Structures are given as C-alpha cells and as structure tokens.
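This is coords_28.txt (compact mmCIF, C-alpha atoms).
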```
# COMPACT_ATOMS: atom_id res chain seq x y z
CA MET A 1 -9.15 92.96 -71.83
CA LYS A 2 -9.74 96.24 -70.02
CA ASN A 3 -13.44 95.50 -69.92
CA PHE A 4 -12.69 91.97 -68.52
CA LEU A 5 -10.50 93.40 -65.77
CA LYS A 6 -13.07 96.02 -64.95
CA GLN A 7 -15.83 93.45 -64.74
CA HIS A 8 -13.89 90.56 -63.12
CA GLY A 9 -10.79 92.17 -61.65
CA LEU A 10 -11.93 91.67 -58.05
CA TRP A 11 -12.52 87.97 -58.60
CA VAL A 12 -9.14 87.55 -60.30
CA LEU A 13 -7.49 89.22 -57.35
CA PHE A 14 -9.37 86.95 -54.93
CA ALA A 15 -8.42 83.84 -56.92
CA ALA A 16 -4.77 84.92 -56.95
CA ALA A 17 -4.86 85.39 -53.19
CA VAL A 18 -6.38 81.94 -52.65
CA LEU A 19 -3.80 80.38 -54.97
CA SER A 20 -1.00 82.13 -53.13
CA VAL A 21 -2.25 80.84 -49.76
CA ALA A 22 -2.62 77.31 -51.17
CA LEU A 23 0.89 77.39 -52.57
CA ALA A 24 2.22 78.65 -49.26
CA VAL A 25 0.50 75.82 -47.36
CA MET A 26 1.75 73.27 -49.84
CA SER A 27 5.21 74.70 -49.55
CA VAL A 28 5.11 74.21 -45.79
CA LEU A 29 3.81 70.66 -46.12
CA SER A 30 6.37 69.83 -48.79
CA ALA A 31 9.20 70.60 -46.36
CA ASN A 32 9.00 66.95 -45.20
CA SER A 33 7.13 65.21 -47.98
CA SER A 34 4.94 65.84 -50.93
CA PRO A 35 1.19 66.07 -50.34
CA LEU A 36 0.59 62.82 -52.19
CA VAL A 37 3.20 60.99 -50.21
CA ASN A 38 1.86 62.46 -46.99
CA LEU A 39 -1.68 61.40 -47.87
CA THR A 40 -0.46 57.89 -48.67
CA GLY A 41 1.33 57.74 -45.33
CA ILE A 42 -1.79 58.82 -43.47
CA ILE A 43 -3.84 56.11 -45.15
CA ALA A 44 -1.17 53.43 -44.68
CA SER A 45 -0.41 54.26 -41.04
CA PRO A 46 -3.19 52.09 -39.45
CA PHE A 47 -2.27 49.18 -41.70
CA ARG A 48 1.40 49.62 -40.84
CA ALA A 49 0.56 49.59 -37.13
CA GLY A 50 -1.57 46.47 -37.55
CA TYR A 51 1.20 44.69 -39.46
CA THR A 52 3.70 45.62 -36.77
CA ALA A 53 1.39 44.25 -34.07
CA VAL A 54 0.79 41.01 -35.99
CA ALA A 55 4.52 40.59 -36.63
CA ALA A 56 5.29 41.16 -32.96
CA TRP A 57 2.58 38.64 -31.94
CA PHE A 58 3.90 36.06 -34.39
CA ASN A 59 7.45 36.60 -33.17
CA ASP A 60 6.29 36.19 -29.56
CA LEU A 61 4.46 33.01 -30.58
CA GLN A 62 7.60 31.63 -32.20
CA ASN A 63 9.64 32.44 -29.11
CA TYR A 64 7.00 30.83 -26.87
CA TYR A 65 6.94 27.67 -28.99
CA LYS A 66 10.75 27.50 -28.99
CA ASP A 67 10.91 28.07 -25.22
CA ASN A 68 8.16 25.50 -24.64
CA THR A 69 9.90 22.96 -26.90
CA ASP A 70 13.20 23.53 -25.10
CA LEU A 71 11.42 23.15 -21.75
CA GLN A 72 9.77 19.91 -22.83
CA GLU A 73 13.11 18.52 -24.01
CA GLU A 74 14.70 19.55 -20.71
CA ILE A 75 11.90 17.87 -18.75
CA ALA A 76 12.26 14.70 -20.84
CA ALA A 77 16.02 14.72 -20.21
CA LEU A 78 15.44 15.16 -16.47
CA ARG A 79 12.93 12.30 -16.46
CA ARG A 80 15.43 10.04 -18.22
CA GLN A 81 18.07 11.02 -15.67
CA ILE A 82 15.68 10.37 -12.77
CA ALA A 83 14.76 6.96 -14.22
CA LYS A 84 18.45 6.15 -14.60
CA ASN A 85 19.14 7.25 -11.03
CA GLU A 86 16.21 5.19 -9.73
CA GLU A 87 17.51 2.16 -11.62
CA THR A 88 20.95 2.70 -10.09
CA ILE A 89 19.38 2.93 -6.63
CA ARG A 90 17.39 -0.26 -7.21
CA GLU A 91 20.51 -2.07 -8.36
CA ALA A 92 22.39 -0.80 -5.30
CA GLU A 93 19.56 -1.91 -2.99
CA ALA A 94 19.47 -5.31 -4.67
CA ALA A 95 23.24 -5.59 -4.27
CA VAL A 96 22.95 -4.70 -0.57
CA GLU A 97 20.19 -7.27 -0.08
CA GLU A 98 22.19 -9.93 -1.91
CA ASN A 99 25.28 -9.09 0.13
CA GLU A 100 23.28 -9.37 3.36
CA LEU A 101 21.79 -12.65 2.20
CA LEU A 102 25.22 -14.07 1.39
CA HIS A 103 26.52 -12.87 4.75
CA GLN A 104 23.67 -14.66 6.51
CA LEU A 105 24.32 -17.78 4.42
CA LEU A 106 28.01 -17.73 5.35
CA ASP A 107 27.17 -17.32 9.01
CA LEU A 108 24.63 -20.15 8.81
CA THR A 109 27.16 -22.40 7.09
CA ARG A 110 29.64 -21.79 9.88
CA LYS A 111 27.03 -22.67 12.50
CA ARG A 112 25.70 -25.76 10.76
CA ARG A 113 28.56 -27.66 9.12
CA ASP A 114 26.24 -30.62 8.51
CA LEU A 115 24.11 -28.56 6.11
CA THR A 116 26.26 -28.87 3.02
CA ASP A 117 24.24 -27.27 0.22
CA PHE A 118 21.98 -24.21 0.53
CA GLU A 119 20.05 -22.21 -2.02
CA ALA A 120 19.15 -18.65 -1.02
CA CYS A 121 15.68 -17.65 -2.25
CA MET A 122 13.44 -14.60 -2.13
CA VAL A 123 9.85 -14.96 -0.95
CA THR A 124 7.56 -13.64 -3.68
CA GLU A 125 4.16 -14.46 -2.16
CA HIS A 126 2.54 -15.40 1.14
CA ALA A 127 -0.72 -17.35 1.12
CA VAL A 128 -2.87 -18.24 4.13
CA SER A 129 -6.38 -19.65 3.86
CA ASN A 130 -8.69 -21.90 5.83
CA TRP A 131 -6.94 -24.91 4.33
CA THR A 132 -3.30 -24.06 3.83
CA SER A 133 -0.38 -21.88 4.88
CA SER A 134 2.26 -21.49 2.19
CA MET A 135 4.68 -19.16 0.47
CA THR A 136 6.15 -18.99 -3.02
CA LEU A 137 9.89 -18.72 -3.73
CA ASN A 138 11.67 -17.32 -6.79
CA LYS A 139 13.81 -20.41 -7.50
CA GLY A 140 13.08 -23.99 -8.48
CA THR A 141 14.29 -27.17 -10.13
CA SER A 142 16.76 -25.40 -12.43
CA LEU A 143 18.86 -24.78 -9.31
CA GLY A 144 18.39 -28.21 -7.80
CA ILE A 145 15.43 -27.50 -5.52
CA GLU A 146 13.25 -30.57 -5.05
CA VAL A 147 9.98 -31.51 -3.36
CA GLY A 148 10.64 -32.43 0.26
CA ASP A 149 13.61 -30.09 0.76
CA CYS A 150 13.67 -28.26 4.10
CA VAL A 151 13.37 -24.49 4.19
CA ILE A 152 14.88 -22.41 7.00
CA ASP A 153 15.26 -18.72 7.83
CA SER A 154 18.55 -16.87 8.29
CA CYS A 155 18.76 -17.94 11.94
CA GLY A 156 18.38 -21.62 11.11
CA ASN A 157 14.77 -21.88 12.28
CA LEU A 158 12.64 -24.33 10.33
CA VAL A 159 10.08 -22.63 8.06
CA GLY A 160 8.62 -25.65 6.25
CA THR A 161 9.23 -27.96 3.31
CA ILE A 162 9.04 -27.68 -0.46
CA ASP A 163 5.67 -28.99 -1.61
CA GLU A 164 5.86 -28.12 -5.33
CA ALA A 165 8.73 -27.07 -7.59
CA GLY A 166 8.81 -25.61 -11.09
CA THR A 167 11.71 -24.49 -13.24
CA ASN A 168 12.12 -21.09 -11.58
CA TRP A 169 9.67 -21.24 -8.66
CA SER A 170 8.71 -23.41 -5.74
CA THR A 171 6.04 -23.54 -3.05
CA VAL A 172 6.72 -24.03 0.64
CA LEU A 173 4.21 -25.51 3.08
CA THR A 174 4.89 -23.84 6.41
CA LEU A 175 5.07 -25.67 9.73
CA VAL A 176 1.49 -24.75 10.64
CA ASP A 177 -0.01 -26.16 7.43
CA THR A 178 -2.31 -29.11 8.09
CA ASP A 179 -0.16 -31.36 5.85
CA THR A 180 2.96 -30.81 7.97
CA SER A 181 4.20 -33.75 10.05
CA LEU A 182 7.79 -34.32 11.22
CA GLY A 183 9.75 -35.89 14.02
CA ALA A 184 10.48 -33.49 16.88
CA GLN A 185 12.27 -33.42 20.20
CA VAL A 186 11.97 -31.28 23.31
CA PHE A 187 15.50 -29.93 23.55
CA ARG A 188 15.66 -29.78 27.36
CA THR A 189 14.09 -33.15 28.21
CA LYS A 190 15.03 -35.01 24.98
CA ASP A 191 11.47 -36.34 24.81
CA LEU A 192 10.39 -37.30 21.29
CA GLY A 193 7.10 -36.52 19.59
CA VAL A 194 5.58 -35.56 16.24
CA ALA A 195 5.11 -31.91 15.29
CA GLN A 196 2.17 -31.48 12.97
CA GLY A 197 -0.20 -28.87 11.67
CA ASP A 198 -3.69 -28.69 13.10
CA PHE A 199 -6.76 -27.27 11.36
CA SER A 200 -8.05 -25.49 14.47
CA LEU A 201 -4.63 -23.99 15.26
CA MET A 202 -3.45 -22.95 11.80
CA ARG A 203 -5.28 -19.62 11.80
CA GLU A 204 -3.59 -18.85 15.10
CA ASN A 205 -0.18 -19.63 13.54
CA ARG A 206 0.33 -22.56 15.93
CA LEU A 207 0.91 -26.33 15.64
CA ARG A 208 0.81 -29.39 17.89
CA LEU A 209 3.48 -31.61 19.35
CA ASP A 210 1.76 -34.99 19.64
CA TYR A 211 2.59 -38.49 20.92
CA LEU A 212 4.61 -37.31 23.88
CA PRO A 213 5.49 -39.94 26.48
CA VAL A 214 3.06 -40.24 29.38
CA ASP A 215 5.72 -39.17 31.85
CA CYS A 216 6.88 -36.25 29.70
CA SER A 217 6.90 -32.92 31.49
CA PRO A 218 7.74 -30.11 29.04
CA LEU A 219 7.41 -26.60 30.36
CA ALA A 220 6.16 -23.44 28.71
CA GLY A 221 9.08 -21.89 26.88
CA ASP A 222 10.88 -25.18 26.17
CA ILE A 223 12.50 -25.19 22.73
CA VAL A 224 11.44 -27.94 20.33
CA VAL A 225 13.79 -29.00 17.50
CA THR A 226 13.75 -31.51 14.68
CA SER A 227 14.76 -35.00 15.83
CA GLY A 228 16.35 -36.02 12.53
CA LEU A 229 14.83 -39.50 12.82
CA GLY A 230 14.09 -41.10 9.47
CA GLY A 231 16.67 -38.99 7.65
CA ASN A 232 14.14 -36.72 5.97
CA TYR A 233 15.09 -33.66 8.01
CA PRO A 234 18.38 -32.45 9.48
CA SER A 235 18.41 -32.73 13.27
CA GLY A 236 18.53 -29.74 15.58
CA LEU A 237 16.57 -27.26 13.47
CA VAL A 238 14.46 -25.10 15.77
CA ILE A 239 10.74 -25.66 15.22
CA GLY A 240 9.39 -23.45 17.98
CA SER A 241 8.68 -23.20 21.68
CA VAL A 242 6.10 -24.79 23.99
CA GLU A 243 3.20 -22.52 24.92
CA GLU A 244 1.17 -25.00 26.97
CA VAL A 245 0.84 -28.72 27.65
CA LEU A 246 -2.59 -30.39 27.53
CA LEU A 247 -4.06 -33.89 27.91
CA ASP A 248 -5.55 -35.45 24.84
CA ASP A 249 -9.18 -36.57 24.71
CA SER A 250 -8.36 -40.01 26.02
CA GLY A 251 -6.44 -38.62 28.99
CA ALA A 252 -3.76 -41.26 28.39
CA SER A 253 -1.18 -38.95 26.82
CA SER A 254 -0.41 -35.29 26.52
CA TYR A 255 0.38 -32.91 23.72
CA ALA A 256 1.89 -29.43 23.53
CA ILE A 257 0.90 -26.31 21.63
CA LEU A 258 3.90 -24.90 19.81
CA ALA A 259 4.59 -21.36 18.63
CA PRO A 260 6.88 -21.46 15.56
CA GLU A 261 10.18 -19.63 15.95
CA ALA A 262 10.19 -18.41 12.35
CA ASP A 263 7.99 -15.41 11.61
CA PHE A 264 6.33 -16.57 8.39
CA GLU A 265 4.51 -13.32 7.60
CA SER A 266 7.61 -11.12 7.71
CA LEU A 267 9.98 -13.43 5.83
CA THR A 268 11.45 -11.95 2.65
CA GLU A 269 14.27 -14.43 2.12
CA VAL A 270 14.81 -18.06 3.10
CA PHE A 271 17.32 -20.86 2.52
CA VAL A 272 16.47 -24.19 0.95
CA ILE A 273 18.58 -27.08 2.26
CA LYS A 274 19.30 -29.18 -0.82
CA SER A 275 21.51 -31.69 0.94
CA PHE A 276 22.77 -32.42 4.45
CA GLU A 277 24.81 -34.93 6.35
CA ILE A 278 22.97 -37.30 8.70
CA VAL A 279 24.51 -36.95 12.14
CA THR A 280 24.19 -40.10 14.26
```
Take the structure from the file and write it as structure tokens.
Amino acid sequence: MKNFLKQHGLWVLFAAAVLSVALAVMSVLSANSSPLVNLTGIIASPFRAGYTAVAAWFNDLQNYYKDNTDLQEEIAALRRQIAKNEETIREAEAAVEENELLHQLLDLTRKRRDLTDFEACMVTEHAVSNWTSSMTLNKGTSLGIEVGDCVIDSCGNLVGTIDEAGTNWSTVLTLVDTDTSLGAQVFRTKDLGVAQGDFSLMRENRLRLDYLPVDCSPLAGDIVVTSGLGGNYPSGLVIGSVEEVLLDDSGASSYAILAPEADFESLTEVFVIKSFEIVT
C-alpha cells in the first residue's frame, strides 16, 4: 500500500481533485434539475418549439376557417335579405303601376260612358318590319278579348285592333299597319273618309286618309276621329292629326297624311274595348 501511494500518489491526488470539481459542477447543475433531465430538455427543446409552432398554426387555421364560414353564412343571409327586399320593391312597383292603370281606366270610363267594358293590358313586345307594325299584349281569350276588338291608350287615342288572340296573349295591328282600314271623320269639317295603312308610309309611322270629298278642305293639324259607321268601331276615338293634304294620281280627289296620336313605340299599357254602345 505504501509502495502504491509512493508510486501513484500524485495521480490519485489528481483524480480526487478532478472528481471533486466534477461533483461540484454537478451539484450546481442539479440545483434546478438532474443532468439527465437537463440533457433531455436540451434535446427536446427544438421539438417542443416546433410542436408549439404547428399547434399555433393549426389553431390559427381553425379560427380562419370558422371566421370564413361565419362570413360566408353572413353574406348568404345578406343576399337572401337583398333578394327579399328587391322582391318587395318589385311588388310595390307593380302595385303602383296597377294602381295608375286602374286610375287611368276609371278616368277613361268617366270620359267615355259608351265604352262599357275595358280590359287593361300590358304591352310585352313591339314589332315593326317592312310588312307589319304590331305589338303583343299579356291577356287574351280567357278574359274575353276577341279578334277585331279596338285597342286604345290611356287618353282614349286609337292604337289599333286585335288581329290574333290566344288564351293569355293577343296581337294588335297598329293603325299604320298595311292591313288597317276603318271609317274616319275630320272632326272640324265632319268630312268622311277611310283611314288606312300604307306600305310607303308605315316606316315613317304615318297612314292615309283616303276617299275624301272633292270639295273637302282639311287643314294641317285637323284632328281625325273614328266615324263609327258600320258598328265595328266606337265613334269619336282619336286616330291622329292631318299633316298635309295631297291630290291623288287621278287628280279627281284628295287624300291626307295622318300622324297617329298614340305613340306606339313608348306604350307600356293599353286598354282593349271588349264592348261598346253604338251612339246614333
């Protein structure tokens, strides 16, 4: 033993010193945790940070999805409310239009007591070509509208006559259509003639007043109305006004160019006269 200490005593002392320092360091480190636990924490720290980041990202994603879903539901609810409001506005506008139409009908009835049965209609289509001038209405035979019925505007001006009629629709040939022909009278002079459509005048929205007496002297601006002769049309409906008076090709009689009083292109509603009293 003495020989061992003599030979290795310095190394034993050095080892004891190193052990003492190691224990001291470990003692300091073990104030918070054991070395093994501390080493585990060091290794796990990056993974813990990554997990925390992933969890935070996933939580943010969930919140974003929830917020986006809530926003989409709110937008859908607003769209439904807007659609409902628009429907309410359309219904209100339709009610206003119907009320105005009924007011016009009442006023027209008061003015023309001989027109006993009207049907108010909306114009759904205007059609003008080289061969015809017509418009389509939203009512037909189910409401008593028949071919040959007169059609007037809200002021009582003649628009045309029913040419075709279906269950819930009808077609009106306007005054300027080439198939139009009806008895007419110059209101001021009481001269009689025939108002009829003319191919060359239709595109200009005009018609002719033919077969005027030789001594007839209508003036530009004279009002021309239906004569009521034959019983097919009520009398006194305004057809239009005289623009000019011309001699026919033979030079034996004259005719007038008429401008219709009704504005066909702007009409949105009209009245079909289903029956009337013949005034003699």
Using atom CA of Asp177 of chain A and atom CA of His126 of chain A as the two end points, give the distance in Å to one decimal.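 Computing it gives 12.7 Å between the two atoms.
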Restricting the calculation to all atoms listed in the file: of A:Val214, A:Leu173, A:Ala252, A:Leu258, which residue gets closest to Val186 of chain A?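 Going through A:Val214, A:Leu173, A:Ala252, A:Leu258 one by one, the smallest distance to Val186 of chain A is for A:Leu258.
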Between atom CA of Thr136 of chain A and atom CA of Asn205 of chain A, measure the distance and give it in Å to one decimal.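 Spanning atom CA of Thr136 of chain A to atom CA of Asn205 of chain A is a straight-line distance of 17.7 Å.
Here atom CA of Gly140 of chain A is placed at a distance of 5.3 Å from atom CA of Gly166 of chain A.
Between Gly230 of chain A and the residues A:Ser170, A:Asp60, A:Gly183, A:Ala120, the shortest atom-to-atom distance, using all atoms listed in the file, involves A:Gly183.
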Of the listed residues A:Val270, A:Ala262, A:Ile257, A:Asp210, that which approaches Asn157 of chain A most closely, counting only C-alpha atoms: A:Ala262
Which residue of A:Cys150, A:Cys155, A:Val225, A:Leu209 approaches Gln185 of chain A most closely, using all atoms listed in the file: A:Val225
May I have the protein, DNA and RNA residues with an atom at most 9 Å from (14.5, -30.6, 24.7), counting only C-alpha atoms in the file's coordinates, returned as JSON, numbers by chain? {"A": [185, 186, 187, 188, 189, 190, 191, 192, 218, 222, 223, 224, 225]}
Restricting the calculation to all atoms listed in the file: of A:Ala127, A:Ile152, A:Val159, A:Cys216, which residue gets closest to Phe264 of chain A? A:Val159
Between A:Ala256, A:Leu237, A:Val128, A:Ala184, which one has atoms that come closest to Leu219 of chain A, using all atoms listed in the file?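 Once distances to Leu219 of chain A are computed over all atoms listed in the file, the minimum belongs to A:Ala256.
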Find the spatial neighbours of Ser200 of chain A, counting all atoms listed in the file, within a cut-off of 12 Å - ignore same-chain residues fewer than 6 positions away - and output them as a VMD selection string. chain A and resid 130 to 132 176 to 178 206 to 208 257
Selection near Trp169 of chain A, 12 Å with only C-alpha atoms, sequence-local residues under 6 positions removed, as a PyMOL selection string: chain A and resi 121-125+135-147+162-163
Would you kindly place N, CA, C and O atoms on segment 151-166 of chain A and return the model as an mmCIF file, in the coordinates of the input?
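File part01.cif, as written:
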```cif
data_model
loop_
_atom_site.group_PDB
_atom_site.id
_atom_site.type_symbol
_atom_site.label_atom_id
_atom_site.label_comp_id
_atom_site.auth_asym_id
_atom_site.auth_seq_id
_atom_site.Cartn_x
_atom_site.Cartn_y
_atom_site.Cartn_z
ATOM 1 N N VAL A 151 13.190 -25.928 4.375
ATOM 2 C CA VAL A 151 13.370 -24.490 4.190
ATOM 3 C C VAL A 151 13.548 -23.862 5.564
ATOM 4 O O VAL A 151 12.757 -24.121 6.478
ATOM 5 N N ILE A 152 14.598 -23.042 5.720
ATOM 6 C CA ILE A 152 14.880 -22.410 7.000
ATOM 7 C C ILE A 152 15.039 -20.898 6.802
ATOM 8 O O ILE A 152 15.222 -20.422 5.674
ATOM 9 N N ASP A 153 14.987 -20.149 7.910
ATOM 10 C CA ASP A 153 15.260 -18.720 7.830
ATOM 11 C C ASP A 153 16.741 -18.467 8.093
ATOM 12 O O ASP A 153 17.531 -19.403 8.257
ATOM 13 N N SER A 154 17.133 -17.204 8.160
ATOM 14 C CA SER A 154 18.550 -16.870 8.290
ATOM 15 C C SER A 154 19.144 -17.263 9.630
ATOM 16 O O SER A 154 20.367 -17.328 9.781
ATOM 17 N N CYS A 155 18.275 -17.531 10.619
ATOM 18 C CA CYS A 155 18.760 -17.940 11.940
ATOM 19 C C CYS A 155 18.790 -19.463 12.096
ATOM 20 O O CYS A 155 19.155 -19.980 13.163
ATOM 21 N N GLY A 156 18.392 -20.166 11.049
ATOM 22 C CA GLY A 156 18.380 -21.620 11.110
ATOM 23 C C GLY A 156 17.095 -22.206 11.651
ATOM 24 O O GLY A 156 17.018 -23.417 11.914
ATOM 25 N N ASN A 157 16.061 -21.375 11.818
ATOM 26 C CA ASN A 157 14.770 -21.880 12.280
ATOM 27 C C ASN A 157 14.014 -22.512 11.108
ATOM 28 O O ASN A 157 14.036 -21.992 9.993
ATOM 29 N N LEU A 158 13.366 -23.631 11.384
ATOM 30 C CA LEU A 158 12.640 -24.330 10.330
ATOM 31 C C LEU A 158 11.401 -23.536 9.923
ATOM 32 O O LEU A 158 10.618 -23.090 10.765
ATOM 33 N N VAL A 159 11.240 -23.356 8.617
ATOM 34 C CA VAL A 159 10.080 -22.630 8.060
ATOM 35 C C VAL A 159 9.055 -23.623 7.530
ATOM 36 O O VAL A 159 7.855 -23.477 7.740
ATOM 37 N N GLY A 160 9.516 -24.664 6.827
ATOM 38 C CA GLY A 160 8.620 -25.650 6.250
ATOM 39 C C GLY A 160 9.364 -26.522 5.262
ATOM 40 O O GLY A 160 10.592 -26.638 5.323
ATOM 41 N N THR A 161 8.623 -27.096 4.332
ATOM 42 C CA THR A 161 9.230 -27.960 3.310
ATOM 43 C C THR A 161 8.677 -27.622 1.934
ATOM 44 O O THR A 161 7.561 -27.108 1.798
ATOM 45 N N ILE A 162 9.472 -27.930 0.918
ATOM 46 C CA ILE A 162 9.040 -27.680 -0.460
ATOM 47 C C ILE A 162 7.946 -28.678 -0.826
ATOM 48 O O ILE A 162 8.118 -29.885 -0.727
ATOM 49 N N ASP A 163 6.808 -28.145 -1.248
ATOM 50 C CA ASP A 163 5.670 -28.990 -1.610
ATOM 51 C C ASP A 163 5.553 -29.142 -3.126
ATOM 52 O O ASP A 163 5.156 -30.195 -3.630
ATOM 53 N N GLU A 164 5.869 -28.079 -3.871
ATOM 54 C CA GLU A 164 5.860 -28.120 -5.330
ATOM 55 C C GLU A 164 7.076 -27.357 -5.841
ATOM 56 O O GLU A 164 7.541 -26.419 -5.193
ATOM 57 N N ALA A 165 7.571 -27.755 -7.018
ATOM 58 C CA ALA A 165 8.730 -27.070 -7.590
ATOM 59 C C ALA A 165 8.615 -27.010 -9.103
ATOM 60 O O ALA A 165 8.385 -28.027 -9.758
ATOM 61 N N GLY A 166 8.753 -25.795 -9.647
ATOM 62 C CA GLY A 166 8.810 -25.610 -11.090
ATOM 63 C C GLY A 166 10.213 -25.200 -11.488
ATOM 64 O O GLY A 166 11.134 -25.211 -10.671
#
```
